[in-house]
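> Here you go, one structure.
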Amino acid sequence: MTCEVRTASDTDDSLMRQIQRAAYPDYVQEPASLLWFPAGQLDAPANCPHKLVACQSGVPAGYAAVWRVKEEKYRFDLLVHPEYRGSGIGSALFEVVLRIAMDSGARTLQGRARADDERASIFLHRRGFVETQRMTGFERELADLDSISIPSVSKFSVVTLSEAQTRNPSWRSDLLALLAAAQDGWPDPDPDPSGLSQIGMRVFERLLSNVEEPDAFFVGADQGTYIGVSSLHTLGTAVHPAYRGRGIATLLHYHALRKARLDGLVRIVRPTANRAMRAVFLKLGYRQSLTEVRMILRSDRASL
Ligand SMILES: CC(C)(COP(=O)(O)OP(=O)(O)OC[C@H]1O[C@@H](n2cnc3c(N)ncnc32)[C@H](O)[C@@H]1OP(=O)(O)O)[C@@H](O)C(=O)NCCC(=O)NCCS
């Protein structure tokens, strides 16, 4: 049987969703839930310039997309319809993905597989990918939130981003200083070889522009100094290294959960690769769900 890989057009988007639905029938958004779907393979940005479709004897059987995340770091989606697996379609798509990434100057390429999908991990390992991170999902219904008791950390105050913006003229630089410090220990699946991971003004501004609900973004402060943040929608949870291990992430995330319930949400799934954050989720009554394995191929190990 012949396999042909072609560039996708906008009209192929629904086709890609159909293939994704066949591969992951349980990945369905629910209106009152904030969910996370590991290795979903439909994460390419809307303006992704490289989307591909593979056809087996003329029938669409798989798709892929590759895009630049930042600097020379690239990421890709790749999914083959379950009925067409094992006949070289994934390999044909990956060959084109890799060529596009290399021609674009990629230094690294990131792929993601579900931890319970052994064949996906083997596919990536065989092509030189090395595991760098495990992102584990944690889920929680919000109905019984009042049953948790949060240890008091009353020495610290908690405000929303809206309140911080009104009350503190230097909220922007204070928040940037906190986030820059909190980069320490923040898991990165594709860290810079220098080991440095810094948050620049551009990334910070992009983060801020993604905050759609400043009333659901919580900031912890110690006598006016920002020491932690938590939001279910943007950024996640982070605490200044000097204040870790004192229950601040637990307190801030609890505020975020209470606000989510107030807003009508009933179920939350959030991912993390940070061991302390896993402990926070478990303290707050989440249970562990599925895990995504993130793998990196370095360009000097790639063979075309
Ligand atoms: C994850 C983070 C937010 C936790 O903040 P924190 O204020 O220290 O969290 P808390 O004090 O509320 O709770 C931390 C829990 O993790 C536990 N913990 C700390 N280090 C741990 C480790 N290496 N392995 C397992 N558990 C650990 C602590 O013992 C504590 O649990 P306990 O209260 O049962 O003893 C903080 O480490 C951080 O900002 N990291 C960088 C940003 C990041 O990675 N955020 C997660 C993004 S999803």
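Here, A, B, ... name the chains of the structure tokens in the order displayed, residue numbers run from 1 inside each chain, and ligands are numbered from 1 in the same displayed order.
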Find the spatial neighbours of Phe281 in chain A, counting only C-alpha atoms, within a cut-off of 10 Å - ignore same-chain residues fewer than 5 positions away - and output them as an mmCIF file with N, CA and C atoms, in the first residue's frame.

```cif
data_model
loop_
_atom_site.group_PDB
_atom_site.id
_atom_site.type_symbol
_atom_site.label_atom_id
_atom_site.label_comp_id
_atom_site.auth_asym_id
_atom_site.auth_seq_id
_atom_site.Cartn_x
_atom_site.Cartn_y
_atom_site.Cartn_z
ATOM 1 N N GLY A 137 -0.596 14.030 35.619
ATOM 2 C CA GLY A 137 -1.867 14.708 35.849
ATOM 3 C C GLY A 137 -2.417 14.372 37.232
ATOM 4 N N PHE A 138 -3.078 15.355 37.857
ATOM 5 C CA PHE A 138 -3.756 15.138 39.139
ATOM 6 C C PHE A 138 -5.174 15.662 38.998
ATOM 7 N N GLU A 139 -6.132 14.865 39.476
ATOM 8 C CA GLU A 139 -7.510 15.310 39.284
ATOM 9 C C GLU A 139 -8.284 15.364 40.589
ATOM 10 N N ARG A 140 -9.292 16.242 40.569
ATOM 11 C CA ARG A 140 -10.068 16.476 41.790
ATOM 12 C C ARG A 140 -11.452 17.004 41.443
ATOM 13 N N ALA A 249 2.449 27.364 48.794
ATOM 14 C CA ALA A 249 1.833 26.862 47.564
ATOM 15 C C ALA A 249 0.485 26.215 47.885
ATOM 16 N N THR A 250 0.439 25.475 48.988
ATOM 17 C CA THR A 250 -0.805 24.801 49.378
ATOM 18 C C THR A 250 -1.902 25.842 49.631
ATOM 19 N N HIS A 253 -2.864 27.656 46.239
ATOM 20 C CA HIS A 253 -3.606 26.787 45.326
ATOM 21 C C HIS A 253 -5.018 26.522 45.878
ATOM 22 N N TYR A 254 -5.134 26.453 47.203
ATOM 23 C CA TYR A 254 -6.454 26.279 47.822
ATOM 24 C C TYR A 254 -7.362 27.466 47.459
ATOM 25 N N ARG A 270 -4.933 18.948 36.664
ATOM 26 C CA ARG A 270 -3.760 19.812 36.461
ATOM 27 C C ARG A 270 -2.504 18.940 36.414
ATOM 28 N N PRO A 271 -1.558 19.277 35.564
ATOM 29 C CA PRO A 271 -0.330 18.488 35.483
ATOM 30 C C PRO A 271 0.845 19.138 36.216
ATOM 31 N N THR A 272 1.793 18.339 36.624
ATOM 32 C CA THR A 272 3.046 18.895 37.142
ATOM 33 C C THR A 272 4.186 17.895 36.972
ATOM 34 N N ARG A 275 8.163 17.560 42.083
ATOM 35 C CA ARG A 275 7.819 16.612 43.160
ATOM 36 C C ARG A 275 7.115 17.314 44.319
ATOM 37 N N ALA A 276 7.567 18.524 44.646
ATOM 38 C CA ALA A 276 6.915 19.253 45.748
ATOM 39 C C ALA A 276 5.474 19.602 45.370
ATOM 40 N N TYR A 286 -6.228 15.878 45.660
ATOM 41 C CA TYR A 286 -6.226 15.386 44.276
ATOM 42 C C TYR A 286 -5.812 13.911 44.293
ATOM 43 N N ARG A 287 -6.191 13.182 43.218
ATOM 44 C CA ARG A 287 -5.624 11.851 43.025
ATOM 45 C C ARG A 287 -4.899 11.825 41.679
ATOM 46 N N GLN A 288 -3.884 10.960 41.624
ATOM 47 C CA GLN A 288 -3.038 10.921 40.426
ATOM 48 C C GLN A 288 -3.796 10.317 39.241
#
```
> Give the residue list for ligand 1 at 10 Å, counting only C-alpha atoms and all ligand atoms, as an NGL selection string, sorted by chain and then by residue number.
:A and (135-137 or 150-151 or 153 or 178-179 or 181-188 or 227-230 or 232 or 235-254 or 270-284)
> Would you save the residues of that selection, restricted to C-alpha atoms, as a PDB file, in the first residue's frame?

```pdb
ATOM      1  CA  MET A 135       4.355  15.386  33.541  1.00  0.00           C
ATOM      2  CA  THR A 136       1.790  13.746  35.798  1.00  0.00           C
ATOM      3  CA  GLY A 137      -1.867  14.708  35.849  1.00  0.00           C
ATOM      4  CA  ILE A 150      -5.380  24.051  55.400  1.00  0.00           C
ATOM      5  CA  PRO A 151      -2.672  24.724  58.004  1.00  0.00           C
ATOM      6  CA  VAL A 153      -0.006  30.576  57.499  1.00  0.00           C
ATOM      7  CA  LEU A 178       9.191  36.925  42.110  1.00  0.00           C
ATOM      8  CA  LEU A 179       8.801  34.902  38.910  1.00  0.00           C
ATOM      9  CA  ALA A 181      13.497  34.010  41.479  1.00  0.00           C
ATOM     10  CA  ALA A 182      10.932  31.181  41.308  1.00  0.00           C
ATOM     11  CA  GLN A 183      12.517  29.841  38.104  1.00  0.00           C
ATOM     12  CA  ASP A 184      14.889  28.020  40.439  1.00  0.00           C
ATOM     13  CA  GLY A 185      13.752  24.382  40.435  1.00  0.00           C
ATOM     14  CA  TRP A 186      10.984  24.914  37.857  1.00  0.00           C
ATOM     15  CA  PRO A 187      11.135  21.751  35.729  1.00  0.00           C
ATOM     16  CA  ASP A 188      12.016  22.358  32.068  1.00  0.00           C
ATOM     17  CA  ILE A 227       6.460  35.427  47.661  1.00  0.00           C
ATOM     18  CA  GLY A 228       4.239  33.153  45.558  1.00  0.00           C
ATOM     19  CA  VAL A 229       1.518  32.857  42.919  1.00  0.00           C
ATOM     20  CA  SER A 230      -1.125  30.328  41.943  1.00  0.00           C
ATOM     21  CA  LEU A 232      -5.398  27.259  37.558  1.00  0.00           C
ATOM     22  CA  LEU A 235       1.312  29.752  34.855  1.00  0.00           C
ATOM     23  CA  GLY A 236       0.408  27.303  37.640  1.00  0.00           C
ATOM     24  CA  THR A 237       1.926  27.659  41.093  1.00  0.00           C
ATOM     25  CA  ALA A 238       5.335  29.000  42.093  1.00  0.00           C
ATOM     26  CA  VAL A 239       6.910  30.109  45.364  1.00  0.00           C
ATOM     27  CA  HIS A 240      10.081  32.099  46.017  1.00  0.00           C
ATOM     28  CA  PRO A 241      12.856  29.645  46.989  1.00  0.00           C
ATOM     29  CA  ALA A 242      13.366  31.408  50.350  1.00  0.00           C
ATOM     30  CA  TYR A 243       9.741  30.692  51.304  1.00  0.00           C
ATOM     31  CA  ARG A 244       9.345  27.092  50.137  1.00  0.00           C
ATOM     32  CA  GLY A 245       8.294  24.281  52.476  1.00  0.00           C
ATOM     33  CA  ARG A 246       6.104  26.599  54.566  1.00  0.00           C
ATOM     34  CA  GLY A 247       2.724  25.716  53.092  1.00  0.00           C
ATOM     35  CA  ILE A 248       2.477  28.759  50.800  1.00  0.00           C
ATOM     36  CA  ALA A 249       1.833  26.862  47.564  1.00  0.00           C
ATOM     37  CA  THR A 250      -0.805  24.801  49.378  1.00  0.00           C
ATOM     38  CA  LEU A 251      -2.518  27.944  50.674  1.00  0.00           C
ATOM     39  CA  LEU A 252      -2.432  29.785  47.319  1.00  0.00           C
ATOM     40  CA  HIS A 253      -3.606  26.787  45.326  1.00  0.00           C
ATOM     41  CA  TYR A 254      -6.454  26.279  47.822  1.00  0.00           C
ATOM     42  CA  ARG A 270      -3.760  19.812  36.461  1.00  0.00           C
ATOM     43  CA  PRO A 271      -0.330  18.488  35.483  1.00  0.00           C
ATOM     44  CA  THR A 272       3.046  18.895  37.142  1.00  0.00           C
ATOM     45  CA  ALA A 273       6.586  17.581  36.852  1.00  0.00           C
ATOM     46  CA  ASN A 274       7.622  19.040  40.209  1.00  0.00           C
ATOM     47  CA  ARG A 275       7.819  16.612  43.160  1.00  0.00           C
ATOM     48  CA  ALA A 276       6.915  19.253  45.748  1.00  0.00           C
ATOM     49  CA  MET A 277       3.908  20.298  43.638  1.00  0.00           C
ATOM     50  CA  ARG A 278       2.783  16.661  43.516  1.00  0.00           C
ATOM     51  CA  ALA A 279       2.877  16.685  47.320  1.00  0.00           C
ATOM     52  CA  VAL A 280       0.804  19.893  47.290  1.00  0.00           C
ATOM     53  CA  PHE A 281      -1.809  18.312  45.005  1.00  0.00           C
ATOM     54  CA  LEU A 282      -2.055  15.210  47.218  1.00  0.00           C
ATOM     55  CA  LYS A 283      -2.387  17.370  50.367  1.00  0.00           C
ATOM     56  CA  LEU A 284      -5.271  19.170  48.655  1.00  0.00           C
TER      57      LEU A 284
END
```
> Between A:Cys3, A:Val293, A:Ala23, A:Val203, which is the closest to Gly111 in chain A once you count only C-alpha atoms?
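Looking at the shortest contact to Gly111 in chain A, the residue is A:Val293.
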> Write out as an MDAnalysis selection string all residues of range 28-274 of chain A that backbone DSSP assigns to strand (DSSP E).
chainID A and resid 33:34 50:56 59:70 73:80 108:114 130:141 157:160 217:222 225:231 236:239 267:272
> Using only C-alpha atoms, find the one residue out of A:Arg107, A:Phe217, A:Thr225, A:Arg127 that sits nearest to Trp171 in chain A.
A:Thr225
> Counting only C-alpha atoms, give me one row per residue of range 76-177 of chain A with an atom at most 12 Å from an atom of range 4-18 of chain A, showing the shortest contact pair and its distance in Å to one decimal, sorted by chain then residue number, as a Markdown table.

```
| residue | atom | partner | partner_atom | distance |
| --- | --- | --- | --- | --- |
| A:Asp77 | CA | A:Met16 | CA | 10.9 |
| A:Leu78 | CA | A:Met16 | CA | 10.3 |
| A:Leu79 | CA | A:Met16 | CA | 8.7 |
| A:Val80 | CA | A:Met16 | CA | 9.8 |
| A:His81 | CA | A:Gln18 | CA | 9.0 |
| A:Pro82 | CA | A:Gln18 | CA | 11.6 |
| A:Gly88 | CA | A:Glu4 | CA | 10.8 |
| A:Ile89 | CA | A:Glu4 | CA | 8.7 |
| A:Gly90 | CA | A:Val5 | CA | 10.3 |
| A:Ser91 | CA | A:Val5 | CA | 10.7 |
| A:Ala92 | CA | A:Val5 | CA | 7.2 |
| A:Leu93 | CA | A:Val5 | CA | 6.6 |
| A:Phe94 | CA | A:Val5 | CA | 10.1 |
| A:Glu95 | CA | A:Val5 | CA | 9.9 |
| A:Val96 | CA | A:Val5 | CA | 8.0 |
| A:Val97 | CA | A:Val5 | CA | 10.5 |
| A:Ile100 | CA | A:Thr7 | CA | 11.7 |
```
> Among range 27-267 of chain A, which ones does DSSP assign to helix (DSSP H, G or I) (computed from the backbone)? Answer as a PyMOL selection string.
chain A and resi 82-84+89-103+118-126+145-147+161-167+171-182+201-210+214-216+241-243+248-262
> For the selection just defined, write its residues with C-alpha atoms to a file, as a PDB file, in the first residue's frame.

```pdb
ATOM      1  CA  PRO A  82      -5.363   3.178  15.441  1.00  0.00           C
ATOM      2  CA  GLU A  83      -6.595   1.125  12.455  1.00  0.00           C
ATOM      3  CA  TYR A  84      -3.605   2.135  10.323  1.00  0.00           C
ATOM      4  CA  ILE A  89       2.788   5.847   8.366  1.00  0.00           C
ATOM      5  CA  GLY A  90       4.278   7.236  11.597  1.00  0.00           C
ATOM      6  CA  SER A  91       7.802   6.779  10.206  1.00  0.00           C
ATOM      7  CA  ALA A  92       6.876   8.535   6.955  1.00  0.00           C
ATOM      8  CA  LEU A  93       5.377  11.483   8.844  1.00  0.00           C
ATOM      9  CA  PHE A  94       8.283  11.673  11.278  1.00  0.00           C
ATOM     10  CA  GLU A  95      10.818  11.751   8.454  1.00  0.00           C
ATOM     11  CA  VAL A  96       9.170  14.903   7.075  1.00  0.00           C
ATOM     12  CA  VAL A  97       8.803  16.442  10.567  1.00  0.00           C
ATOM     13  CA  LEU A  98      12.512  15.898  11.261  1.00  0.00           C
ATOM     14  CA  ARG A  99      13.571  17.334   7.917  1.00  0.00           C
ATOM     15  CA  ILE A 100      11.471  20.469   8.472  1.00  0.00           C
ATOM     16  CA  ALA A 101      12.877  20.905  11.994  1.00  0.00           C
ATOM     17  CA  MET A 102      16.486  20.452  10.860  1.00  0.00           C
ATOM     18  CA  ASP A 103      16.035  22.755   7.840  1.00  0.00           C
ATOM     19  CA  GLU A 118       4.701   1.693  25.342  1.00  0.00           C
ATOM     20  CA  ARG A 119       4.726   1.672  21.529  1.00  0.00           C
ATOM     21  CA  ALA A 120       4.812   5.463  21.382  1.00  0.00           C
ATOM     22  CA  SER A 121       7.793   5.587  23.752  1.00  0.00           C
ATOM     23  CA  ILE A 122       9.633   2.887  21.794  1.00  0.00           C
ATOM     24  CA  PHE A 123       8.955   4.786  18.539  1.00  0.00           C
ATOM     25  CA  LEU A 124      10.672   7.853  19.993  1.00  0.00           C
ATOM     26  CA  HIS A 125      13.530   5.967  21.714  1.00  0.00           C
ATOM     27  CA  ARG A 126      14.405   4.193  18.445  1.00  0.00           C
ATOM     28  CA  LEU A 145     -13.463  21.156  48.986  1.00  0.00           C
ATOM     29  CA  ASP A 146     -14.616  22.234  52.459  1.00  0.00           C
ATOM     30  CA  SER A 147     -13.536  18.911  53.932  1.00  0.00           C
ATOM     31  CA  LEU A 161      -3.871  39.992  40.729  1.00  0.00           C
ATOM     32  CA  SER A 162      -6.707  42.531  40.241  1.00  0.00           C
ATOM     33  CA  GLU A 163      -6.215  43.735  43.833  1.00  0.00           C
ATOM     34  CA  ALA A 164      -2.419  43.846  43.419  1.00  0.00           C
ATOM     35  CA  GLN A 165      -2.824  45.912  40.239  1.00  0.00           C
ATOM     36  CA  THR A 166      -5.018  48.468  42.023  1.00  0.00           C
ATOM     37  CA  ARG A 167      -3.140  48.686  45.308  1.00  0.00           C
ATOM     38  CA  TRP A 171       3.072  45.323  41.015  1.00  0.00           C
ATOM     39  CA  ARG A 172       4.565  44.618  37.586  1.00  0.00           C
ATOM     40  CA  SER A 173       8.239  44.755  38.621  1.00  0.00           C
ATOM     41  CA  ASP A 174       7.484  43.031  41.955  1.00  0.00           C
ATOM     42  CA  LEU A 175       5.787  40.147  40.143  1.00  0.00           C
ATOM     43  CA  LEU A 176       8.589  39.864  37.589  1.00  0.00           C
ATOM     44  CA  ALA A 177      11.155  39.734  40.440  1.00  0.00           C
ATOM     45  CA  LEU A 178       9.191  36.925  42.110  1.00  0.00           C
ATOM     46  CA  LEU A 179       8.801  34.902  38.910  1.00  0.00           C
ATOM     47  CA  ALA A 180      12.489  35.361  38.042  1.00  0.00           C
ATOM     48  CA  ALA A 181      13.497  34.010  41.479  1.00  0.00           C
ATOM     49  CA  ALA A 182      10.932  31.181  41.308  1.00  0.00           C
ATOM     50  CA  MET A 201      10.507  40.799  29.848  1.00  0.00           C
ATOM     51  CA  ARG A 202       8.999  39.397  26.638  1.00  0.00           C
ATOM     52  CA  VAL A 203       8.040  36.075  28.231  1.00  0.00           C
ATOM     53  CA  PHE A 204       6.713  37.930  31.292  1.00  0.00           C
ATOM     54  CA  GLU A 205       4.537  40.235  29.174  1.00  0.00           C
ATOM     55  CA  ARG A 206       3.224  37.221  27.241  1.00  0.00           C
ATOM     56  CA  LEU A 207       2.359  35.488  30.516  1.00  0.00           C
ATOM     57  CA  LEU A 208       0.517  38.573  31.729  1.00  0.00           C
ATOM     58  CA  SER A 209      -1.405  38.888  28.495  1.00  0.00           C
ATOM     59  CA  ASN A 210      -2.549  35.271  28.971  1.00  0.00           C
ATOM     60  CA  PRO A 214      -7.001  38.359  37.225  1.00  0.00           C
ATOM     61  CA  ASP A 215      -9.554  37.611  39.975  1.00  0.00           C
ATOM     62  CA  ALA A 216      -8.590  33.937  39.774  1.00  0.00           C
ATOM     63  CA  PRO A 241      12.856  29.645  46.989  1.00  0.00           C
ATOM     64  CA  ALA A 242      13.366  31.408  50.350  1.00  0.00           C
ATOM     65  CA  TYR A 243       9.741  30.692  51.304  1.00  0.00           C
ATOM     66  CA  ILE A 248       2.477  28.759  50.800  1.00  0.00           C
ATOM     67  CA  ALA A 249       1.833  26.862  47.564  1.00  0.00           C
ATOM     68  CA  THR A 250      -0.805  24.801  49.378  1.00  0.00           C
ATOM     69  CA  LEU A 251      -2.518  27.944  50.674  1.00  0.00           C
ATOM     70  CA  LEU A 252      -2.432  29.785  47.319  1.00  0.00           C
ATOM     71  CA  HIS A 253      -3.606  26.787  45.326  1.00  0.00           C
ATOM     72  CA  TYR A 254      -6.454  26.279  47.822  1.00  0.00           C
ATOM     73  CA  HIS A 255      -7.586  29.870  47.101  1.00  0.00           C
ATOM     74  CA  ALA A 256      -7.487  29.087  43.370  1.00  0.00           C
ATOM     75  CA  LEU A 257      -9.629  25.967  43.897  1.00  0.00           C
ATOM     76  CA  ARG A 258     -12.196  27.840  45.996  1.00  0.00           C
ATOM     77  CA  LYS A 259     -12.501  30.522  43.324  1.00  0.00           C
ATOM     78  CA  ALA A 260     -12.888  27.828  40.632  1.00  0.00           C
ATOM     79  CA  ARG A 261     -15.772  26.292  42.584  1.00  0.00           C
ATOM     80  CA  LEU A 262     -17.333  29.726  43.029  1.00  0.00           C
TER      81      LEU A 262
END
```
> Could you tell me how far CA of Ala143 in chain A sits from CA of Val211 in chain A, in Å to one decimal place?
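Computed distance, CA of Val211 in chain A to CA of Ala143 in chain A, equals 25.3 Å.
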> Using only C-alpha atoms, find the one residue out of A:Ser154, A:Thr291, A:Ser194, A:Gln56 that sits nearest to Gln223 in chain A.
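Closest candidate: A:Ser154.
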